[in-house]
file final39.pdb (PDB, C-alpha atoms)
ATOM      1  CA  MET A   1     -91.222 -53.679-274.312
ATOM      2  CA  ILE A   2     -92.364 -55.833-277.235
ATOM      3  CA  LYS A   3     -91.029 -59.356-276.759
ATOM      4  CA  TYR A   4     -92.868 -61.011-279.617
ATOM      5  CA  GLN A   5     -94.819 -59.810-282.615
ATOM      6  CA  ARG A   6     -96.070 -60.954-285.993
ATOM      7  CA  SER A   7     -93.307 -61.332-288.558
ATOM      8  CA  GLU A   8     -93.076 -58.611-291.200
ATOM      9  CA  GLY A   9     -93.140 -61.479-293.663
ATOM     10  CA  LEU A  10     -96.827 -62.030-292.887
ATOM     11  CA  THR A  11     -99.809 -59.814-293.575
ATOM     12  CA  GLY A  12    -102.248 -58.954-290.798
ATOM     13  CA  LYS A  13    -104.963 -61.239-292.151
ATOM     14  CA  ASN A  14    -106.128 -64.100-289.941
ATOM     15  CA  THR A  15    -105.628 -67.500-291.558
ATOM     16  CA  HIS A  16    -108.453 -69.886-292.432
ATOM     17  CA  TYR A  17    -106.669 -73.031-291.269
ATOM     18  CA  CYS A  18    -108.389 -75.494-288.940
ATOM     19  CA  PRO A  19    -107.488 -75.574-285.214
ATOM     20  CA  GLY A  20    -104.285 -77.533-284.669
ATOM     21  CA  CYS A  21    -103.221 -77.420-288.309
ATOM     22  CA  THR A  22     -99.500 -76.778-288.650
ATOM     23  CA  HIS A  23     -99.764 -74.719-291.847
ATOM     24  CA  GLY A  24     -99.779 -71.641-289.601
ATOM     25  CA  ILE A  25     -96.460 -72.604-288.014
ATOM     26  CA  LEU A  26     -94.971 -73.281-291.438
ATOM     27  CA  HIS A  27     -96.183 -69.917-292.754
ATOM     28  CA  LYS A  28     -94.561 -68.213-289.781
ATOM     29  CA  ILE A  29     -91.253 -69.964-290.404
ATOM     30  CA  VAL A  30     -91.164 -69.109-294.126
ATOM     31  CA  ALA A  31     -92.010 -65.488-293.308
ATOM     32  CA  GLU A  32     -89.265 -65.233-290.686
ATOM     33  CA  VAL A  33     -86.690 -66.698-293.066
ATOM     34  CA  MET A  34     -87.527 -64.159-295.769
ATOM     35  CA  VAL A  35     -87.060 -61.327-293.284
ATOM     36  CA  GLU A  36     -83.870 -62.713-291.752
ATOM     37  CA  LEU A  37     -82.274 -63.214-295.180
ATOM     38  CA  GLY A  38     -83.342 -59.721-296.245
ATOM     39  CA  ILE A  39     -85.175 -61.033-299.315
ATOM     40  CA  LEU A  40     -88.774 -60.087-298.534
ATOM     41  CA  GLU A  41     -88.880 -57.333-301.150
ATOM     42  CA  LYS A  42     -87.428 -59.563-303.870
ATOM     43  CA  THR A  43     -89.330 -62.792-303.161
ATOM     44  CA  ILE A  44     -92.201 -64.143-305.263
ATOM     45  CA  GLY A  45     -94.261 -66.994-303.852
ATOM     46  CA  ILE A  46     -96.405 -69.372-305.889
ATOM     47  CA  ALA A  47     -99.620 -70.465-304.181
ATOM     48  CA  SER A  48    -100.881 -73.933-305.022
ATOM     49  CA  VAL A  49    -104.409 -75.344-304.960
ATOM     50  CA  GLY A  50    -105.323 -77.047-301.694
ATOM     51  CA  CYS A  51    -105.436 -75.926-298.075
ATOM     52  CA  SER A  52    -102.688 -73.424-298.891
ATOM     53  CA  VAL A  53    -104.648 -71.846-301.747
ATOM     54  CA  TYR A  54    -105.052 -68.585-299.810
ATOM     55  CA  SER A  55    -101.378 -68.303-298.898
ATOM     56  CA  TYR A  56    -101.224 -65.318-301.248
ATOM     57  CA  GLU A  57    -103.256 -63.462-298.623
ATOM     58  CA  TYR A  58    -100.905 -64.360-295.771
ATOM     59  CA  PHE A  59     -97.345 -63.925-297.082
ATOM     60  CA  ASN A  60     -96.287 -60.286-297.246
ATOM     61  CA  CYS A  61     -94.370 -60.713-300.494
ATOM     62  CA  ASP A  62     -95.416 -60.780-304.129
ATOM     63  CA  MET A  63     -97.532 -63.873-304.779
ATOM     64  CA  GLN A  64     -98.906 -65.648-307.834
ATOM     65  CA  GLN A  65    -101.701 -68.231-307.887
ATOM     66  CA  ALA A  66    -101.032 -71.341-309.987
ATOM     67  CA  PRO A  67    -103.558 -73.827-311.410
ATOM     68  CA  HIS A  68    -103.825 -77.146-309.576
ATOM     69  CA  GLY A  69    -100.478 -78.942-309.662
ATOM     70  CA  ARG A  70     -98.750 -76.373-311.843
ATOM     71  CA  ALA A  71     -96.884 -74.431-309.166
ATOM     72  CA  CYS A  72     -93.405 -75.532-310.288
ATOM     73  CA  ALA A  73     -94.238 -74.780-313.926
ATOM     74  CA  THR A  74     -95.427 -71.316-312.908
ATOM     75  CA  ALA A  75     -92.361 -70.818-310.708
ATOM     76  CA  THR A  76     -90.103 -71.807-313.610
ATOM     77  CA  GLY A  77     -91.607 -69.111-315.803
ATOM     78  CA  VAL A  78     -91.376 -66.462-313.095
ATOM     79  CA  LYS A  79     -87.770 -67.324-312.224
ATOM     80  CA  ARG A  80     -86.599 -67.360-315.839
ATOM     81  CA  VAL A  81     -88.152 -63.963-316.508
ATOM     82  CA  LEU A  82     -86.964 -62.535-313.164
ATOM     83  CA  PRO A  83     -83.767 -64.460-312.371
ATOM     84  CA  ASP A  84     -82.662 -62.010-309.665
ATOM     85  CA  ASN A  85     -85.781 -62.652-307.612
ATOM     86  CA  VAL A  86     -86.205 -65.447-305.079
ATOM     87  CA  VAL A  87     -89.051 -67.749-306.142
ATOM     88  CA  PHE A  88     -90.698 -70.408-304.011
ATOM     89  CA  THR A  89     -93.737 -72.656-304.251
ATOM     90  CA  TYR A  90     -95.877 -73.634-301.284
ATOM     91  CA  GLN A  91     -97.617 -76.957-301.996
ATOM     92  CA  GLY A  92     -99.459 -79.785-300.281
ATOM     93  CA  ASP A  93     -99.071 -83.485-300.982
ATOM     94  CA  GLY A  94    -102.196 -83.665-303.158
ATOM     95  CA  ASP A  95    -101.060 -80.765-305.314
ATOM     96  CA  LEU A  96     -97.401 -81.791-305.571
ATOM     97  CA  ALA A  97     -97.386 -85.591-305.391
ATOM     98  CA  SER A  98    -100.538 -86.215-307.441
ATOM     99  CA  ILE A  99    -101.648 -83.862-310.190
ATOM    100  CA  GLY A 100     -98.404 -81.870-310.038
ATOM    101  CA  ILE A 101     -95.881 -84.701-309.847
ATOM    102  CA  ALA A 102     -94.814 -84.350-313.497
ATOM    103  CA  GLU A 103     -94.254 -80.586-313.281
ATOM    104  CA  THR A 104     -92.299 -80.999-310.061
ATOM    105  CA  ILE A 105     -90.092 -83.831-311.332
ATOM    106  CA  HIS A 106     -89.218 -82.021-314.542
ATOM    107  CA  ALA A 107     -88.485 -78.732-312.755
ATOM    108  CA  ALA A 108     -86.141 -80.658-310.475
ATOM    109  CA  ASN A 109     -84.559 -82.523-313.389
ATOM    110  CA  ARG A 110     -83.867 -79.243-315.191
ATOM    111  CA  GLY A 111     -82.258 -77.913-312.031
ATOM    112  CA  GLU A 112     -84.568 -74.901-311.956
ATOM    113  CA  ASN A 113     -83.205 -72.479-309.371
ATOM    114  CA  ILE A 114     -86.404 -72.402-307.301
ATOM    115  CA  THR A 115     -87.388 -73.565-303.819
ATOM    116  CA  VAL A 116     -90.302 -75.880-303.063
ATOM    117  CA  ILE A 117     -91.940 -75.908-299.636
ATOM    118  CA  PHE A 118     -93.819 -79.212-299.542
ATOM    119  CA  ALA A 119     -96.353 -79.792-296.736
ATOM    120  CA  ASN A 120     -97.125 -83.509-296.381
ATOM    121  CA  ASN A 121    -100.153 -84.339-294.214
ATOM    122  CA  ALA A 122    -101.003 -87.649-295.905
ATOM    123  CA  ASN A 123    -104.435 -86.685-297.206
ATOM    124  CA  TYR A 124    -106.367 -84.200-299.333
ATOM    125  CA  GLY A 125    -107.036 -81.717-296.561
ATOM    126  CA  MET A 126    -109.110 -79.062-298.322
ATOM    127  CA  THR A 127    -111.619 -81.265-300.131
ATOM    128  CA  GLY A 128    -112.687 -83.573-297.310
ATOM    129  CA  GLY A 129    -109.809 -85.829-296.332
ATOM    130  CA  GLN A 130    -109.624 -88.172-299.312
ATOM    131  CA  MET A 131    -106.747 -90.594-299.849
ATOM    132  CA  ALA A 132    -103.651 -88.893-301.260
ATOM    133  CA  PRO A 133    -100.486 -90.310-302.854
ATOM    134  CA  THR A 134     -98.830 -90.020-299.426
ATOM    135  CA  THR A 135    -101.613 -91.724-297.420
ATOM    136  CA  LEU A 136    -100.162 -94.533-295.286
ATOM    137  CA  ILE A 137    -100.975 -98.218-295.654
ATOM    138  CA  GLY A 138    -103.969 -98.925-293.419
ATOM    139  CA  GLN A 139    -104.782 -95.229-292.977
ATOM    140  CA  LYS A 140    -108.510 -94.552-293.139
ATOM    141  CA  THR A 141    -109.714 -91.649-295.259
ATOM    142  CA  THR A 142    -113.045 -90.703-296.803
ATOM    143  CA  THR A 143    -112.079 -92.678-299.920
ATOM    144  CA  SER A 144    -110.279 -95.529-298.144
ATOM    145  CA  GLN A 145    -112.666 -96.193-295.283
ATOM    146  CA  GLY A 146    -111.238 -99.634-294.660
ATOM    147  CA  GLY A 147    -107.690 -98.279-294.695
ATOM    148  CA  ARG A 148    -105.367 -97.929-297.664
ATOM    149  CA  ASN A 149    -104.738-101.313-299.256
ATOM    150  CA  ALA A 150    -101.438-101.725-301.098
ATOM    151  CA  SER A 151    -102.762-104.422-303.409
ATOM    152  CA  THR A 152    -105.485-102.200-304.834
ATOM    153  CA  GLN A 153    -104.358 -98.656-304.067
ATOM    154  CA  GLY A 154    -100.593 -98.883-304.145
ATOM    155  CA  TYR A 155     -98.055 -97.606-301.669
ATOM    156  CA  PRO A 156     -97.464 -94.106-300.281
ATOM    157  CA  ILE A 157     -95.158 -92.133-302.562
ATOM    158  CA  LYS A 158     -91.927 -91.171-300.824
ATOM    159  CA  VAL A 159     -91.164 -87.909-302.559
ATOM    160  CA  SER A 160     -87.820 -87.132-300.920
ATOM    161  CA  GLU A 161     -86.463 -90.629-301.580
ATOM    162  CA  MET A 162     -87.540 -90.373-305.212
ATOM    163  CA  PHE A 163     -86.144 -86.887-305.799
ATOM    164  CA  GLN A 164     -82.763 -87.565-304.204
ATOM    165  CA  HIS A 165     -81.742 -89.422-307.375
ATOM    166  CA  ILE A 166     -82.486 -86.471-309.680
ATOM    167  CA  ASP A 167     -79.297 -84.754-310.815
ATOM    168  CA  GLY A 168     -80.784 -81.250-310.862
ATOM    169  CA  VAL A 169     -81.629 -81.308-307.152
ATOM    170  CA  ALA A 170     -79.204 -79.277-305.049
ATOM    171  CA  TYR A 171     -80.743 -79.631-301.613
ATOM    172  CA  LEU A 172     -83.473 -81.883-300.247
ATOM    173  CA  GLU A 173     -84.476 -82.442-296.629
ATOM    174  CA  ARG A 174     -87.472 -83.913-294.819
ATOM    175  CA  VAL A 175     -88.416 -82.337-291.509
ATOM    176  CA  ALA A 176     -91.437 -82.346-289.166
ATOM    177  CA  LEU A 177     -93.454 -79.803-287.184
ATOM    178  CA  THR A 178     -93.952 -81.911-284.060
ATOM    179  CA  ASN A 179     -91.991 -80.182-281.279
ATOM    180  CA  ALA A 180     -89.829 -77.142-280.612
ATOM    181  CA  GLN A 181     -86.605 -78.898-281.576
ATOM    182  CA  ASN A 182     -88.056 -80.068-284.873
ATOM    183  CA  VAL A 183     -89.549 -76.647-285.597
ATOM    184  CA  ASN A 184     -86.047 -75.192-285.296
ATOM    185  CA  LYS A 185     -84.828 -77.808-287.780
ATOM    186  CA  VAL A 186     -87.615 -76.832-290.180
ATOM    187  CA  LYS A 187     -86.490 -73.223-290.062
ATOM    188  CA  LYS A 188     -82.846 -74.164-290.564
ATOM    189  CA  ALA A 189     -83.735 -76.307-293.581
ATOM    190  CA  ILE A 190     -85.893 -73.642-295.239
ATOM    191  CA  LYS A 191     -83.258 -70.987-294.678
ATOM    192  CA  LYS A 192     -80.633 -73.245-296.258
ATOM    193  CA  ALA A 193     -82.893 -73.927-299.239
ATOM    194  CA  PHE A 194     -83.411 -70.213-299.854
ATOM    195  CA  GLN A 195     -79.696 -69.530-299.421
ATOM    196  CA  TYR A 196     -78.842 -72.192-301.989
ATOM    197  CA  GLN A 197     -81.218 -70.480-304.398
ATOM    198  CA  LEU A 198     -79.498 -67.156-303.738
ATOM    199  CA  ASP A 199     -76.199 -68.905-304.473
ATOM    200  CA  GLY A 200     -77.575 -70.261-307.761
ATOM    201  CA  LYS A 201     -77.083 -73.921-306.828
ATOM    202  CA  GLY A 202     -80.297 -75.222-308.398
ATOM    203  CA  PHE A 203     -83.529 -76.890-307.326
ATOM    204  CA  THR A 204     -84.194 -77.104-303.582
ATOM    205  CA  MET A 205     -87.052 -78.744-301.707
ATOM    206  CA  VAL A 206     -88.008 -79.059-298.061
ATOM    207  CA  GLU A 207     -90.630 -81.717-297.289
ATOM    208  CA  VAL A 208     -92.440 -80.909-294.051
ATOM    209  CA  LEU A 209     -94.481 -83.563-292.245
ATOM    210  CA  SER A 210     -97.513 -81.696-290.929
ATOM    211  CA  THR A 211    -100.791 -82.414-289.182
ATOM    212  CA  CYS A 212    -104.441 -82.486-290.259
ATOM    213  CA  PRO A 213    -106.313 -83.043-286.968
ATOM    214  CA  VAL A 214    -109.837 -82.463-288.328
ATOM    215  CA  ASN A 215    -109.629 -84.915-291.233
ATOM    216  CA  TRP A 216    -107.654 -87.384-289.137
ATOM    217  CA  GLY A 217    -110.340 -87.214-286.438
ATOM    218  CA  MET A 218    -107.769 -86.443-283.743
ATOM    219  CA  SER A 219    -107.010 -83.761-281.204
ATOM    220  CA  PRO A 220    -104.095 -81.463-282.134
ATOM    221  CA  ILE A 221    -101.885 -83.181-279.537
ATOM    222  CA  ASP A 222    -102.788 -86.672-280.731
ATOM    223  CA  ALA A 223    -102.134 -85.560-284.311
ATOM    224  CA  MET A 224     -98.618 -84.486-283.335
ATOM    225  CA  HIS A 225     -98.011 -87.896-281.765
ATOM    226  CA  TRP A 226     -99.399 -89.622-284.875
ATOM    227  CA  VAL A 227     -96.895 -87.818-287.089
ATOM    228  CA  GLU A 228     -94.050 -89.064-284.902
ATOM    229  CA  GLU A 229     -95.380 -92.583-284.356
ATOM    230  CA  ALA A 230     -96.936 -93.367-287.748
ATOM    231  CA  MET A 231     -95.602 -90.983-290.393
ATOM    232  CA  VAL A 232     -91.940 -90.678-289.467
ATOM    233  CA  PRO A 233     -91.291 -94.466-289.691
ATOM    234  CA  VAL A 234     -92.660 -94.368-293.254
ATOM    235  CA  PHE A 235     -91.164 -90.985-294.132
ATOM    236  CA  PRO A 236     -87.846 -90.840-292.212
ATOM    237  CA  LEU A 237     -86.531 -87.390-291.386
ATOM    238  CA  GLY A 238     -83.165 -86.179-292.592
ATOM    239  CA  VAL A 239     -81.134 -84.654-295.404
ATOM    240  CA  TYR A 240     -81.606 -86.641-298.606
ATOM    241  CA  LYS A 241     -79.348 -84.570-300.846
ATOM    242  CA  ASP A 242     -77.016 -81.637-300.309
ATOM    243  CA  VAL A 243     -74.577 -80.614-303.047
ATOM    244  CA  GLY A 244     -72.813 -78.401-300.541
ATOM    245  CA  SER A 245     -72.213 -81.232-298.106
ATOM    246  CA  ASP A 246     -69.174 -83.465-297.831
ATOM    247  CA  ASP A 247     -71.450 -86.456-297.226
ATOM    248  CA  LYS A 248     -70.307 -89.106-299.689
ATOM    249  CA  ASN A 249     -73.881 -90.381-299.998
ATOM    250  CA  ASN A 250     -75.092 -87.137-301.575
TER     251      ASN A 250
END
call {"tool": "encode", "arguments": {"input": "final39.pdb", "output": "structure tokens"}}
result
Amino acid sequence: MIKYQRSEGLTGKNTHYCPGCTHGILHKIVAEVMVELGILEKTIGIASVGCSVYSYEYFNCDMQQAPHGRACATATGVKRVLPDNVVFTYQGDGDLASIGIAETIHAANRGENITVIFANNANYGMTGGQMAPTTLIGQKTTTSQGGRNASTQGYPIKVSEMFQHIDGVAYLERVALTNAQNVNKVKKAIKKAFQYQLDGKGFTMVEVLSTCPVNWGMSPIDAMHWVEEAMVPVFPLGVYKDVGSDDKNN
């Protein structure tokens, strides 16, 4: 009896991610959601530039590679030409919150009916662990070896807090891949985001706090603890906007 097997939403190719990196868990969740919603054959994913650049080799759906930071612009074009398809971007914090921040903001402001999967690991993972827009105050990176200094390098950009005020956003939640309970919440959030797209509600984004043990210089277990102890206080988890909710704050 087969009790567990690779999701049909993934190809059979082994991933290139570093040991302890949570991109693999996030890929698995996205793949399972596509299968469970029955949308695998009609989904088009947009791969960004960064650690996730090879995601087009891992997701078993149609994929398109976008130039650095332009995933939401590419997704907009794909969705407008193929409105009956489900379109999602898979982006890191360097791609989305730095070079791609303008494309992402304007796609959200237009209420483009796409879904953004945003992996936030507080550094530029692929290119050597440089400081990113989401790097924490005091966090050491290859380009902030004394720790990020607010007076010279600014503050970490809180994407979910910023996007919750954009009218075109239909659903926005920040989650984390730190334990089994939180992994279940990640899956629930991504499934809701895709369902809202199927319902034509508008722009949806799920920000996922993830680990980068190699660039952080930590063991995978310590990296999980660091997300909970250092990142979550700066980037609080929760639903930031939900047009389908009765929450008066949305």
call {"tool": "closest_residue", "arguments": {"input": "final39.pdb", "among": "A:Thr204, A:Ser52, A:Asn60, A:Asn121", "to": "Leu10 of chain A", "atoms": "only C-alpha atoms"}}
result
A:Asn60
call {"tool": "resolve_selection", "arguments": {"input": "final39.pdb", "expression": "the PyMOL selection byres ((chain A and resi 25-27) around 8)", "output": "PDB file with C-alpha atoms, in the frame of the given file"}}
result
ATOM      1  CA  LEU A  10     -96.827 -62.030-292.887  1.00  0.00           C
ATOM      2  CA  THR A  22     -99.500 -76.778-288.650  1.00  0.00           C
ATOM      3  CA  HIS A  23     -99.764 -74.719-291.847  1.00  0.00           C
ATOM      4  CA  GLY A  24     -99.779 -71.641-289.601  1.00  0.00           C
ATOM      5  CA  LYS A  28     -94.561 -68.213-289.781  1.00  0.00           C
ATOM      6  CA  ILE A  29     -91.253 -69.964-290.404  1.00  0.00           C
ATOM      7  CA  VAL A  30     -91.164 -69.109-294.126  1.00  0.00           C
ATOM      8  CA  ALA A  31     -92.010 -65.488-293.308  1.00  0.00           C
ATOM      9  CA  TYR A  58    -100.905 -64.360-295.771  1.00  0.00           C
ATOM     10  CA  PHE A  59     -97.345 -63.925-297.082  1.00  0.00           C
ATOM     11  CA  LEU A 177     -93.454 -79.803-287.184  1.00  0.00           C
TER      12      LEU A 177
END
call {"tool": "atom_distance", "arguments": {"input": "final39.pdb", "atom1": "atom CA of Gln130 of chain A", "atom2": "atom CA of Lys185 of chain A"}}
result
29.2 Å
call {"tool": "closest_residue", "arguments": {"input": "final39.pdb", "among": "A:Lys201, A:Arg174, A:His225, A:Arg6", "to": "Ala119 of chain A", "atoms": "all atoms listed in the file"}}
result
A:Arg174
call {"tool": "atom_distance", "arguments": {"input": "final39.pdb", "atom1": "atom CA of Val208 of chain A", "atom2": "atom CA of Ala193 of chain A"}}
result
12.9 Å
call {"tool": "decode", "arguments": {"input": "final39.pdb", "residues": "segment 44-73 of chain A", "atoms": "N, CA and C atoms", "output": "PDB file, in the first residue's frame"}}
result
ATOM      1  N   ILE A  44      -0.811  28.227 -15.034  1.00  0.00           N
ATOM      2  CA  ILE A  44       0.437  28.711 -15.618  1.00  0.00           C
ATOM      3  C   ILE A  44       1.207  29.436 -14.522  1.00  0.00           C
ATOM      4  N   GLY A  45       2.404  28.948 -14.221  1.00  0.00           N
ATOM      5  CA  GLY A  45       3.233  29.568 -13.208  1.00  0.00           C
ATOM      6  C   GLY A  45       4.285  30.464 -13.835  1.00  0.00           C
ATOM      7  N   ILE A  46       4.635  31.526 -13.139  1.00  0.00           N
ATOM      8  CA  ILE A  46       5.670  32.450 -13.606  1.00  0.00           C
ATOM      9  C   ILE A  46       6.861  32.337 -12.662  1.00  0.00           C
ATOM     10  N   ALA A  47       7.988  31.865 -13.194  1.00  0.00           N
ATOM     11  CA  ALA A  47       9.199  31.719 -12.400  1.00  0.00           C
ATOM     12  C   ALA A  47       9.956  33.040 -12.358  1.00  0.00           C
ATOM     13  N   SER A  48      10.405  33.403 -11.182  1.00  0.00           N
ATOM     14  CA  SER A  48      11.151  34.653 -11.021  1.00  0.00           C
ATOM     15  C   SER A  48      12.650  34.378 -11.118  1.00  0.00           C
ATOM     16  N   VAL A  49      13.452  35.407 -10.927  1.00  0.00           N
ATOM     17  CA  VAL A  49      14.901  35.251 -10.862  1.00  0.00           C
ATOM     18  C   VAL A  49      15.317  35.259  -9.390  1.00  0.00           C
ATOM     19  N   GLY A  50      16.098  34.292  -8.999  1.00  0.00           N
ATOM     20  CA  GLY A  50      16.497  34.127  -7.607  1.00  0.00           C
ATOM     21  C   GLY A  50      16.659  32.646  -7.341  1.00  0.00           C
ATOM     22  N   CYS A  51      16.577  32.243  -6.087  1.00  0.00           N
ATOM     23  CA  CYS A  51      16.689  30.820  -5.765  1.00  0.00           C
ATOM     24  C   CYS A  51      15.630  29.989  -6.490  1.00  0.00           C
ATOM     25  N   SER A  52      14.481  30.606  -6.736  1.00  0.00           N
ATOM     26  CA  SER A  52      13.367  29.877  -7.361  1.00  0.00           C
ATOM     27  C   SER A  52      13.416  29.914  -8.883  1.00  0.00           C
ATOM     28  N   VAL A  53      14.545  30.318  -9.452  1.00  0.00           N
ATOM     29  CA  VAL A  53      14.621  30.503 -10.900  1.00  0.00           C
ATOM     30  C   VAL A  53      14.333  29.216 -11.664  1.00  0.00           C
ATOM     31  N   TYR A  54      14.659  28.062 -11.057  1.00  0.00           N
ATOM     32  CA  TYR A  54      14.432  26.787 -11.739  1.00  0.00           C
ATOM     33  C   TYR A  54      13.089  26.158 -11.388  1.00  0.00           C
ATOM     34  N   SER A  55      12.194  26.926 -10.796  1.00  0.00           N
ATOM     35  CA  SER A  55      10.899  26.345 -10.423  1.00  0.00           C
ATOM     36  C   SER A  55      10.133  25.837 -11.634  1.00  0.00           C
ATOM     37  N   TYR A  56      10.482  26.344 -12.820  1.00  0.00           N
ATOM     38  CA  TYR A  56       9.826  25.837 -14.035  1.00  0.00           C
ATOM     39  C   TYR A  56      10.199  24.383 -14.309  1.00  0.00           C
ATOM     40  N   GLU A  57      11.248  23.888 -13.674  1.00  0.00           N
ATOM     41  CA  GLU A  57      11.608  22.483 -13.832  1.00  0.00           C
ATOM     42  C   GLU A  57      10.945  21.591 -12.785  1.00  0.00           C
ATOM     43  N   TYR A  58      10.350  22.185 -11.768  1.00  0.00           N
ATOM     44  CA  TYR A  58       9.817  21.413 -10.652  1.00  0.00           C
ATOM     45  C   TYR A  58       8.289  21.333 -10.636  1.00  0.00           C
ATOM     46  N   PHE A  59       7.609  22.412 -11.034  1.00  0.00           N
ATOM     47  CA  PHE A  59       6.145  22.379 -11.062  1.00  0.00           C
ATOM     48  C   PHE A  59       5.675  21.692 -12.343  1.00  0.00           C
ATOM     49  N   ASN A  60       4.736  20.786 -12.193  1.00  0.00           N
ATOM     50  CA  ASN A  60       4.254  19.993 -13.322  1.00  0.00           C
ATOM     51  C   ASN A  60       3.058  20.674 -13.997  1.00  0.00           C
ATOM     52  N   CYS A  61       3.203  21.972 -14.211  1.00  0.00           N
ATOM     53  CA  CYS A  61       2.189  22.737 -14.937  1.00  0.00           C
ATOM     54  C   CYS A  61       2.931  23.588 -15.957  1.00  0.00           C
ATOM     55  N   ASP A  62       2.206  24.271 -16.815  1.00  0.00           N
ATOM     56  CA  ASP A  62       2.869  25.177 -17.747  1.00  0.00           C
ATOM     57  C   ASP A  62       3.572  26.271 -16.956  1.00  0.00           C
ATOM     58  N   MET A  63       4.782  26.610 -17.381  1.00  0.00           N
ATOM     59  CA  MET A  63       5.578  27.620 -16.674  1.00  0.00           C
ATOM     60  C   MET A  63       6.169  28.595 -17.686  1.00  0.00           C
ATOM     61  N   GLN A  64       6.407  29.814 -17.216  1.00  0.00           N
ATOM     62  CA  GLN A  64       7.030  30.852 -18.022  1.00  0.00           C
ATOM     63  C   GLN A  64       8.093  31.538 -17.174  1.00  0.00           C
ATOM     64  N   GLN A  65       9.280  31.742 -17.725  1.00  0.00           N
ATOM     65  CA  GLN A  65      10.334  32.446 -17.008  1.00  0.00           C
ATOM     66  C   GLN A  65      10.227  33.949 -17.268  1.00  0.00           C
ATOM     67  N   ALA A  66      10.292  34.735 -16.205  1.00  0.00           N
ATOM     68  CA  ALA A  66      10.215  36.195 -16.325  1.00  0.00           C
ATOM     69  C   ALA A  66      11.580  36.811 -16.061  1.00  0.00           C
ATOM     70  N   PRO A  67      11.877  37.961 -16.657  1.00  0.00           N
ATOM     71  CA  PRO A  67      13.105  38.691 -16.299  1.00  0.00           C
ATOM     72  C   PRO A  67      13.056  39.102 -14.825  1.00  0.00           C
ATOM     73  N   HIS A  68      14.200  39.474 -14.282  1.00  0.00           N
ATOM     74  CA  HIS A  68      14.317  39.782 -12.865  1.00  0.00           C
ATOM     75  C   HIS A  68      13.332  40.879 -12.440  1.00  0.00           C
ATOM     76  N   GLY A  69      12.439  40.527 -11.524  1.00  0.00           N
ATOM     77  CA  GLY A  69      11.491  41.484 -10.979  1.00  0.00           C
ATOM     78  C   GLY A  69      10.220  41.669 -11.781  1.00  0.00           C
ATOM     79  N   ARG A  70      10.136  41.050 -12.940  1.00  0.00           N
ATOM     80  CA  ARG A  70       9.009  41.325 -13.835  1.00  0.00           C
ATOM     81  C   ARG A  70       7.942  40.238 -13.823  1.00  0.00           C
ATOM     82  N   ALA A  71       7.939  39.409 -12.785  1.00  0.00           N
ATOM     83  CA  ALA A  71       7.005  38.285 -12.755  1.00  0.00           C
ATOM     84  C   ALA A  71       5.549  38.734 -12.811  1.00  0.00           C
ATOM     85  N   CYS A  72       5.186  39.765 -12.046  1.00  0.00           N
ATOM     86  CA  CYS A  72       3.790  40.216 -12.039  1.00  0.00           C
ATOM     87  C   CYS A  72       3.396  40.859 -13.364  1.00  0.00           C
ATOM     88  N   ALA A  73       4.353  41.528 -14.027  1.00  0.00           N
ATOM     89  CA  ALA A  73       4.071  42.093 -15.340  1.00  0.00           C
ATOM     90  C   ALA A  73       3.837  40.974 -16.350  1.00  0.00           C
TER      91      ALA A  73
END
